[in-house]
Structures are given as structure tokens and as C-alpha cells.
Amino acid sequence: MKKLIFCIAAISTAFTATAQQDLPTNPEPGKCYVRCTTPDIYENQSVQIEIAPSYKRLQVVPATYKTITEKVLVREASKKLKVIPATYSTETISYTKKQGGNTLSIQPAKFGSDSQTIEVKPAYALWELGAAAPDCASSNPDDCRYWCYKGYPAQFTTINQQTLVNNATSSASPIASKESSYTKTVVATPARVEEITIPAEYSTITKIVLDRDAYTTEDVVPAKYKTVSKEVLKQKGGLTTWKEVECSLVEYQALPINWNVGSATLTSTAKNLIDTRLLPVLAQNAGAKMEIASHTDSRGGASSNQALSDRRAQSVVNYLISKGINNSRLVANGYGERRLKNRCADGVSCTERQHAANRRTEFRLINN
């Protein structure tokens with residue numbers, strides 16, 4: 001505990017010395033100044049991530065056959081004898097009735113899953129003003145405070161990917177050929193004495209022959225990619241300068257938004273009001289920070305009023321960010337019913353007009 005107290009005292013002393021030196025140079029009486037800090041500048045970059053690999057796809061073209069006819073000898077020419085006729089014998093001739101081939105089967109490609117983590121927003125840090133030390137002896141609220149260089153972690157996103165485990169392959173299965181035969185009669189013993197010629201006999205047979213064997217064709221399925229946008233720091237900010245501003249802008253100014261009852265949603269009229277009132281102030285005072293303060297009346301519970309004012313202030317800040325304002329220049333504060341402008345607290349009877357004076361949204365420039 002003693003060590004912690006010592007650190008706080010050392011920081012407070014250092015900040016007091018810094019605060020006395022970090023003041024506008026040559027200020028003029030009656031003018032107002034705010035401390036401005038140049039923001040970090042980011043740019044969006046697009047990267048392509050392969051989510052599905054390229055792979056080969058095969059298709060089988062089956063074998064083709066053709067039928068042919070062939071004239072074959074089934075009985076040879078011979079001679080016949082009148083006295084002793086010729087004798088005959090037969091023999092079997094084998095031939096291929098259908099030639100063999102192959103059938104092909106396809107084993108399709110197999111896929112797996114994977115993921116890749118991409119940094120979509122890098123780590124960053126910015127200066128933030130801490131609260132005053134509780135034991136500060138000075139009446140000046142800016143004394144006994146210190147700046148903290150606070151870091152924020154990087155943000156990542158995970159992209160699912162498809163990986164190729166096994167590519168497509170094919171395998172061949174042989175088809176057996178079909179065999180057949182025919183019988184041929186041949187002369188065993190020629191005729192004697194008188195020869196009579198017996199002409200040969202022929203027959204026509206049909207054969208199925210392989211015209212073209214089965215084969216495969218292939219085409220390549222291209223890889224698939226996904227474009228991911230990531231935020232990259234282009235220029236580091238953090239330089240501090242003093243800027244002269246209108247004195248009215250450092251005091252709370254009314255932003256007359258007519259909120260719907262219980263709602264924190266900006267209407268088109270409210271957005272137009274922000275465009276015409278707040279965007280010009282931020283553009284003319286580059287680097288200055290703006291506080292958006294939202295208040296409610298005392299009617300309803302204090303916790304619900306606080307939550308409603310927080311949401312309303314944040315809605316204005318979110319809209320300004322969507323219009324290109326760096327979020328480091330914006331602060332959303334909801335005060336609920338803690339800063340009433342009149343006597344209309346809980347239990348006090350007031351008119352609707354008196355309550356309406358407490359339902360307000362305001363803005364002002366503050367030190368960055």
C-alpha cells in the first residue's frame with residue numbers, strides 16, 4: 001500500500017510540472033484555447049484469402065465397340081469317290097467373339113477444413129487524462145492530474161478455409177474377353193477310284209471388337225477467394241497543440257434534438273441538425289475534442305434515466321463517427337437526472353414546460 005501511494009504522488013507531481021509548462025504561448029486576454037491532439041490516421045486495405053483450393057475433376061468416357069462380319073470357311077473342298085467314298089473328321093476352331101477392355105471408377109477429391117486468423121485492426125494507444133488525485137491540495141481542478149498513454153489491443157477475425165486432403169483419382173477394372181468356336185469338317189481319307197469334287201462351304205460370323213477403350217477427361221476447378229478488409233495505421237498521431245476557439249464553444253451549447261419518448265434513435269431531422277450544427281464546428285476546429293452530454297428530467301427511475309441519457313449521447317457520437325469523425329475526438333456522457341436546471345426534482349410538482357427544460361442534449365469543446 002505504501003508503494004502505491006508513492007507512485008500516485010510521483011505522477012501527480014510530474015503532471016503539475018508538465019501542466020505548468022504545457023500552456024498556450026502568447027495567449028491574449030479574453031480569448032479561449034483548447035488543447036488539440038492530432039489523431040492516428042488509418043487506411044483500409046483489402047487482402048484476398050483462399051477459402052477453397054483449386055482441384056482436378058475427372059469424368060469417365062466409356063469404351064466404344066463396333067460390330068463386324070467375317071466370312072469363314074466351314075467346309076473345305078474335297079473329292080468324292082464312287083467306290084470308296086471319302087471319310088471326314090471335324091475340328092473346333094476357337095476365336096475371340098468379344099475383345100476385353102476396362103471400366104474406370106472415380107474416387108472424388110476429399111476436403112478438410114481449416115481456419116486463418118487475420119488482424120483486421122492493429123493495436124493502438126492514445127493519451128487519456130486521468131482523474132484528480134483524492135488528496136490534492138490545490139483548488140484548481142487541472143492540478144494533481146496526469147496523462148496516461150493507454151494501449152488498446154489489436155482486433156482479429158477468423159476466416160474458415162477448405163483444404164484439399166486427397167485429389168480425385170481413377171482406377172481401372174478389366175473386362176474379360178468373350179471366346180467362341182466353330183466346327184470345321186476336314187477330309188480324313190480321300191475317295192478312291194472315282195473322285196467327285198465337293199466344293200467348299202462358307203459361313204458368315206459376327207464379331208464385336210473394341211473401337212476405343214475407356215478413358216477419362218479432366219477439368220480444373222479454380223480456387224475460391226474471399227476479400228477481407230483490414231484497418232492499417234498509416235500515420236501515428238499524438239502531437240499536442242493549442243488552438244484558439246470561440247469562447248462560447250467551451251461552454252455547453254444546446255443541441256435541440258426532439259427525442260421520441262424512451263427512444264435513443266436519431267430521426268432524419270436530428271441527423272440534419274447534427275450535420276448543420278456539429279460537423280462544421282469539428283471541421284473548423286481540427287484536432288479538438290467534443291463532449292456530447294445528454295440529460296433527462298426527474299420523472300422515472302434514476303437508473304433508467306441514466307441509461308437512456310447514455311444511449312442518446314452515444315447515438316450522436318456514433319452518427320458523427322459514421323460521417324468520418326475520428327472516435328478519439330468524441331466523448332459521450334449521459335448525466336440522467338443528476339444535473340437539473342431547475343427545482344423539478346423527485347416529488348416536486350412541475351409543469352411540462354419546466355420538465356422539458358431538463359430534457360436536453362448539449363455539446364462543448366474540451367481538451368484533447
# chains A, B, ... in the order shown; residues from 1 in each chain; ligands from 1
$ residues_around --residues "Leu210 (chain A)" --least-positions-apart "3" --cutoff "12 Å" --atoms "only C-alpha atoms" --output "VMD selection string"
chain A and resid 62 to 68 96 to 102 175 177 to 178 207 213 to 214
$ residues_around --residues "Tyr95 (chain A)" --least-positions-apart "4" --cutoff "9 Å" --atoms "only C-alpha atoms" --output "VMD selection string"
chain A and resid 178 to 182
$ closest_residue --among "A:Thr204, A:Leu164, A:Ala307, A:Met290" --to "Arg364 (chain A)" --atoms "only C-alpha atoms"
A:Met290
$ atom_distance --atom1 "CA of Gly112 (chain A)" --atom2 "CA of Pro222 (chain A)"
16.9 Å
$ residues_around --residues "Lys243 (chain A)" --least-positions-apart "3" --cutoff "7 Å" --atoms "only C-alpha atoms" --output "ChimeraX atom specification"
/A:33-36
$ closest_atom_pairs --of "region 112-185 of chain A" --to "region 73-77 of chain A" --cutoff "8 Å" --atoms "only C-alpha atoms" --output "Markdown table"
| residue | atom | partner | partner_atom | distance |
| --- | --- | --- | --- | --- |
| A:Tyr182 | CA | A:Val74 | CA | 7.9 |
| A:Thr183 | CA | A:Val74 | CA | 6.9 |
| A:Lys184 | CA | A:Val74 | CA | 5.0 |
| A:Thr185 | CA | A:Arg75 | CA | 5.3 |
$ select_by_dssp --residues "region 301-354 of chain A" --states "alpha helix (DSSP H)" --output "mmCIF file with N, CA and C atoms, in the first residue's frame"
data_model
loop_
_atom_site.group_PDB
_atom_site.id
_atom_site.type_symbol
_atom_site.label_atom_id
_atom_site.label_comp_id
_atom_site.auth_asym_id
_atom_site.auth_seq_id
_atom_site.Cartn_x
_atom_site.Cartn_y
_atom_site.Cartn_z
ATOM 1 N N ALA A 302 -34.115 6.680 -11.537
ATOM 2 C CA ALA A 302 -32.810 7.311 -11.785
ATOM 3 C C ALA A 302 -31.925 6.425 -12.654
ATOM 4 N N SER A 303 -31.939 5.102 -12.417
ATOM 5 C CA SER A 303 -31.075 4.205 -13.204
ATOM 6 C C SER A 303 -31.526 4.138 -14.656
ATOM 7 N N SER A 304 -32.856 4.081 -14.897
ATOM 8 C CA SER A 304 -33.338 4.041 -16.284
ATOM 9 C C SER A 304 -33.075 5.368 -16.988
ATOM 10 N N ASN A 305 -33.215 6.494 -16.254
ATOM 11 C CA ASN A 305 -32.905 7.797 -16.850
ATOM 12 C C ASN A 305 -31.415 7.893 -17.210
ATOM 13 N N GLN A 306 -30.560 7.350 -16.337
ATOM 14 C CA GLN A 306 -29.120 7.371 -16.621
ATOM 15 C C GLN A 306 -28.813 6.555 -17.883
ATOM 16 N N ALA A 307 -29.384 5.359 -17.982
ATOM 17 C CA ALA A 307 -29.142 4.501 -19.147
ATOM 18 C C ALA A 307 -29.656 5.153 -20.431
ATOM 19 N N LEU A 308 -30.838 5.815 -20.345
ATOM 20 C CA LEU A 308 -31.401 6.469 -21.528
ATOM 21 C C LEU A 308 -30.508 7.619 -21.994
ATOM 22 N N SER A 309 -30.013 8.419 -21.045
ATOM 23 C CA SER A 309 -29.136 9.536 -21.434
ATOM 24 C C SER A 309 -27.824 9.023 -22.019
ATOM 25 N N ASP A 310 -27.294 7.908 -21.481
ATOM 26 C CA ASP A 310 -26.076 7.318 -22.055
ATOM 27 C C ASP A 310 -26.303 6.912 -23.514
ATOM 28 N N ARG A 311 -27.431 6.244 -23.766
ATOM 29 C CA ARG A 311 -27.707 5.778 -25.133
ATOM 30 C C ARG A 311 -27.890 6.944 -26.098
ATOM 31 N N ARG A 312 -28.553 8.007 -25.630
ATOM 32 C CA ARG A 312 -28.778 9.160 -26.512
ATOM 33 C C ARG A 312 -27.462 9.858 -26.856
ATOM 34 N N ALA A 313 -26.592 10.039 -25.867
ATOM 35 C CA ALA A 313 -25.295 10.665 -26.145
ATOM 36 C C ALA A 313 -24.477 9.804 -27.086
ATOM 37 N N GLN A 314 -24.509 8.473 -26.871
ATOM 38 C CA GLN A 314 -23.737 7.578 -27.731
ATOM 39 C C GLN A 314 -24.294 7.542 -29.151
ATOM 40 N N SER A 315 -25.604 7.694 -29.313
ATOM 41 C CA SER A 315 -26.198 7.715 -30.655
ATOM 42 C C SER A 315 -25.651 8.880 -31.464
ATOM 43 N N VAL A 316 -25.517 10.053 -30.816
ATOM 44 C CA VAL A 316 -24.962 11.221 -31.515
ATOM 45 C C VAL A 316 -23.505 10.948 -31.896
ATOM 46 N N VAL A 317 -22.722 10.384 -30.950
ATOM 47 C CA VAL A 317 -21.311 10.092 -31.232
ATOM 48 C C VAL A 317 -21.186 9.078 -32.364
ATOM 49 N N ASN A 318 -22.005 8.029 -32.338
ATOM 50 C CA ASN A 318 -21.933 7.017 -33.395
ATOM 51 C C ASN A 318 -22.251 7.608 -34.760
ATOM 52 N N TYR A 319 -23.214 8.530 -34.802
ATOM 53 C CA TYR A 319 -23.542 9.157 -36.089
ATOM 54 C C TYR A 319 -22.378 10.008 -36.586
ATOM 55 N N LEU A 320 -21.714 10.750 -35.687
ATOM 56 C CA LEU A 320 -20.558 11.565 -36.088
ATOM 57 C C LEU A 320 -19.427 10.674 -36.613
ATOM 58 N N ILE A 321 -19.212 9.508 -35.969
ATOM 59 C CA ILE A 321 -18.182 8.580 -36.444
ATOM 60 C C ILE A 321 -18.522 8.082 -37.842
ATOM 61 N N SER A 322 -19.829 7.812 -38.085
ATOM 62 C CA SER A 322 -20.234 7.354 -39.423
ATOM 63 C C SER A 322 -20.019 8.422 -40.484
ATOM 64 N N GLU A 352 -45.184 20.717 -17.567
ATOM 65 C CA GLU A 352 -44.485 20.009 -18.657
ATOM 66 C C GLU A 352 -43.377 20.877 -19.234
ATOM 67 N N ARG A 353 -43.603 22.168 -19.297
ATOM 68 C CA ARG A 353 -42.570 23.068 -19.834
ATOM 69 C C ARG A 353 -41.348 23.099 -18.933
ATOM 70 N N GLN A 354 -41.562 23.061 -17.622
ATOM 71 C CA GLN A 354 -40.434 23.049 -16.687
ATOM 72 C C GLN A 354 -39.651 21.733 -16.797
#
$ residues_around --residues "region 251-255 of chain A" --least-positions-apart "5" --cutoff "8 Å" --atoms "only C-alpha atoms" --output "ChimeraX atom specification"
/A:273-274,277,360-365
$ write_last_selection --atoms "C-alpha atoms" --output "PDB file, in the first residue's frame"
ATOM      1  CA  LEU A 273     -29.378  19.118 -37.107  1.00  0.00           C
ATOM      2  CA  ILE A 274     -26.094  17.325 -36.294  1.00  0.00           C
ATOM      3  CA  ARG A 277     -24.502  22.305 -36.047  1.00  0.00           C
ATOM      4  CA  ARG A 360     -31.762  18.326 -23.276  1.00  0.00           C
ATOM      5  CA  THR A 361     -28.714  17.338 -25.314  1.00  0.00           C
ATOM      6  CA  GLU A 362     -25.692  19.669 -25.279  1.00  0.00           C
ATOM      7  CA  PHE A 363     -22.182  19.874 -26.678  1.00  0.00           C
ATOM      8  CA  ARG A 364     -18.918  21.698 -25.955  1.00  0.00           C
ATOM      9  CA  LEU A 365     -15.232  21.611 -26.957  1.00  0.00           C
TER      10      LEU A 365
END
$ closest_residue --among "A:Ile49, A:Arg192, A:Thr227, A:Val60" --to "Tyr215 (chain A)" --atoms "only C-alpha atoms"
A:Val60
$ residues_around --residues "Lys82 (chain A)" --least-positions-apart "2" --cutoff "9 Å" --atoms "only C-alpha atoms" --output "ChimeraX atom specification"
/A:80,84-85,191-196
$ residues_around --residues "Asp297 (chain A)" --least-positions-apart "4" --cutoff "6 Å" --atoms "only C-alpha atoms" --output "list of chain:residue names"
A:Glu337, A:His355, A:Asn358, A:Arg359
$ write_last_selection --atoms "N, CA and C atoms" --output "compact mmCIF listing (two decimals), in the first residue's frame"
# COMPACT_ATOMS: atom_id res chain seq x y z
N GLU A 337 -30.69 12.34 -14.57
CA GLU A 337 -31.39 13.46 -13.92
C GLU A 337 -30.50 14.14 -12.87
N HIS A 355 -40.37 20.61 -16.93
CA HIS A 355 -39.67 19.32 -17.13
C HIS A 355 -38.90 19.31 -18.45
N ASN A 358 -35.29 20.35 -18.60
CA ASN A 358 -34.26 19.43 -18.13
C ASN A 358 -33.95 18.33 -19.16
N ARG A 359 -34.88 18.07 -20.09
CA ARG A 359 -34.64 17.07 -21.14
C ARG A 359 -33.89 17.76 -22.27
$ residues_around --residues "Lys56 (chain A)" --least-positions-apart "5" --cutoff "9 Å" --atoms "only C-alpha atoms" --output "list in words"
Ala109, Asn167, Ala168, Glu218, Asp219, Val220, Val221 and Pro222 of chain A
$ atom_distance --atom1 "CA of Ala223 (chain A)" --atom2 "CA of Gln162 (chain A)"
10.0 Å
$ decode --residues "region 181-214 of chain A" --atoms "N, CA and C atoms" --output "JSON list (two decimals), in the first residue's frame"
[["chain", "number", "residue", "atom", "x", "y", "z"],
["A", 181, "SER", "N", -16.29, -70.56, -80.65],
["A", 181, "SER", "CA", -15.65, -71.51, -81.60],
["A", 181, "SER", "C", -16.65, -71.96, -82.66],
["A", 182, "TYR", "N", -16.11, -72.46, -83.71],
["A", 182, "TYR", "CA", -16.94, -73.08, -84.75],
["A", 182, "TYR", "C", -16.28, -74.39, -85.19],
["A", 183, "THR", "N", -17.08, -75.22, -85.79],
["A", 183, "THR", "CA", -16.61, -76.57, -86.18],
["A", 183, "THR", "C", -16.31, -76.61, -87.69],
["A", 184, "LYS", "N", -15.17, -77.17, -87.97],
["A", 184, "LYS", "CA", -14.76, -77.31, -89.38],
["A", 184, "LYS", "C", -14.63, -78.81, -89.72],
["A", 185, "THR", "N", -15.20, -79.17, -90.84],
["A", 185, "THR", "CA", -15.11, -80.58, -91.31],
["A", 185, "THR", "C", -13.97, -80.70, -92.33],
["A", 186, "VAL", "N", -13.12, -81.62, -92.10],
["A", 186, "VAL", "CA", -11.97, -81.83, -92.99],
["A", 186, "VAL", "C", -11.97, -83.28, -93.52],
["A", 187, "VAL", "N", -11.33, -83.44, -94.59],
["A", 187, "VAL", "CA", -11.25, -84.79, -95.21],
["A", 187, "VAL", "C", -10.28, -85.66, -94.42],
["A", 188, "ALA", "N", -10.78, -86.75, -93.98],
["A", 188, "ALA", "CA", -9.91, -87.70, -93.29],
["A", 188, "ALA", "C", -9.22, -88.65, -94.28],
["A", 189, "THR", "N", -10.04, -89.19, -95.18],
["A", 189, "THR", "CA", -9.50, -90.12, -96.20],
["A", 189, "THR", "C", -10.13, -89.76, -97.54],
["A", 190, "PRO", "N", -9.31, -89.45, -98.50],
["A", 190, "PRO", "CA", -9.90, -89.10, -99.80],
["A", 190, "PRO", "C", -10.51, -90.34, -100.48],
["A", 191, "ALA", "N", -11.47, -90.04, -101.31],
["A", 191, "ALA", "CA", -12.11, -91.13, -102.07],
["A", 191, "ALA", "C", -11.12, -91.75, -103.07],
["A", 192, "ARG", "N", -11.38, -92.98, -103.22],
["A", 192, "ARG", "CA", -10.53, -93.69, -104.18],
["A", 192, "ARG", "C", -11.35, -94.08, -105.40],
["A", 193, "VAL", "N", -10.69, -94.40, -106.40],
["A", 193, "VAL", "CA", -11.24, -94.86, -107.69],
["A", 193, "VAL", "C", -11.82, -93.68, -108.45],
["A", 194, "GLU", "N", -12.94, -93.17, -108.03],
["A", 194, "GLU", "CA", -13.58, -92.09, -108.76],
["A", 194, "GLU", "C", -13.68, -90.90, -107.82],
["A", 195, "GLU", "N", -13.17, -89.89, -108.32],
["A", 195, "GLU", "CA", -13.15, -88.69, -107.49],
["A", 195, "GLU", "C", -14.26, -87.72, -107.93],
["A", 196, "ILE", "N", -15.01, -87.29, -107.00],
["A", 196, "ILE", "CA", -16.05, -86.28, -107.22],
["A", 196, "ILE", "C", -15.69, -85.08, -106.34],
["A", 197, "THR", "N", -15.58, -83.96, -106.98],
["A", 197, "THR", "CA", -15.18, -82.75, -106.22],
["A", 197, "THR", "C", -16.37, -82.23, -105.42],
["A", 198, "ILE", "N", -16.13, -82.03, -104.19],
["A", 198, "ILE", "CA", -17.13, -81.43, -103.30],
["A", 198, "ILE", "C", -16.65, -80.01, -102.98],
["A", 199, "PRO", "N", -17.40, -78.98, -103.38],
["A", 199, "PRO", "CA", -16.93, -77.60, -103.15],
["A", 199, "PRO", "C", -16.90, -77.24, -101.65],
["A", 200, "ALA", "N", -16.10, -76.29, -101.40],
["A", 200, "ALA", "CA", -16.02, -75.79, -100.01],
["A", 200, "ALA", "C", -17.28, -75.04, -99.61],
["A", 201, "GLU", "N", -17.53, -75.02, -98.30],
["A", 201, "GLU", "CA", -18.68, -74.28, -97.76],
["A", 201, "GLU", "C", -18.18, -73.15, -96.83],
["A", 202, "TYR", "N", -18.90, -72.01, -96.88],
["A", 202, "TYR", "CA", -18.52, -70.85, -96.08],
["A", 202, "TYR", "C", -19.72, -70.38, -95.23],
["A", 203, "SER", "N", -19.39, -69.69, -94.17],
["A", 203, "SER", "CA", -20.43, -69.12, -93.29],
["A", 203, "SER", "C", -20.01, -67.70, -92.88],
["A", 204, "THR", "N", -20.96, -66.89, -92.57],
["A", 204, "THR", "CA", -20.69, -65.50, -92.11],
["A", 204, "THR", "C", -20.89, -65.42, -90.60],
["A", 205, "ILE", "N", -19.88, -64.94, -89.90],
["A", 205, "ILE", "CA", -19.97, -64.77, -88.44],
["A", 205, "ILE", "C", -19.91, -63.27, -88.08],
["A", 206, "THR", "N", -20.44, -62.95, -86.91],
["A", 206, "THR", "CA", -20.45, -61.56, -86.42],
["A", 206, "THR", "C", -19.52, -61.45, -85.22],
["A", 207, "LYS", "N", -18.65, -60.40, -85.23],
["A", 207, "LYS", "CA", -17.73, -60.17, -84.10],
["A", 207, "LYS", "C", -17.90, -58.73, -83.59],
["A", 208, "ILE", "N", -17.86, -58.59, -82.25],
["A", 208, "ILE", "CA", -17.86, -57.26, -81.62],
["A", 208, "ILE", "C", -16.43, -56.96, -81.20],
["A", 209, "VAL", "N", -15.85, -55.90, -81.76],
["A", 209, "VAL", "CA", -14.46, -55.57, -81.47],
["A", 209, "VAL", "C", -14.41, -54.18, -80.80],
["A", 210, "LEU", "N", -13.33, -53.97, -80.03],
["A", 210, "LEU", "CA", -13.14, -52.70, -79.32],
["A", 210, "LEU", "C", -12.76, -51.62, -80.31],
["A", 211, "ASP", "N", -13.58, -50.57, -80.36],
["A", 211, "ASP", "CA", -13.28, -49.44, -81.24],
["A", 211, "ASP", "C", -12.39, -48.42, -80.53],
["A", 212, "ARG", "N", -12.75, -48.09, -79.25],
["A", 212, "ARG", "CA", -11.93, -47.17, -78.46],
["A", 212, "ARG", "C", -12.12, -47.51, -76.99],
["A", 213, "ASP", "N", -11.01, -47.71, -76.27],
["A", 213, "ASP", "CA", -11.08, -48.09, -74.86],
["A", 213, "ASP", "C", -11.57, -46.92, -74.01],
["A", 214, "ALA", "N", -12.03, -47.25, -72.81],
["A", 214, "ALA", "CA", -12.49, -46.20, -71.89],
["A", 214, "ALA", "C", -11.32, -45.28, -71.51]]
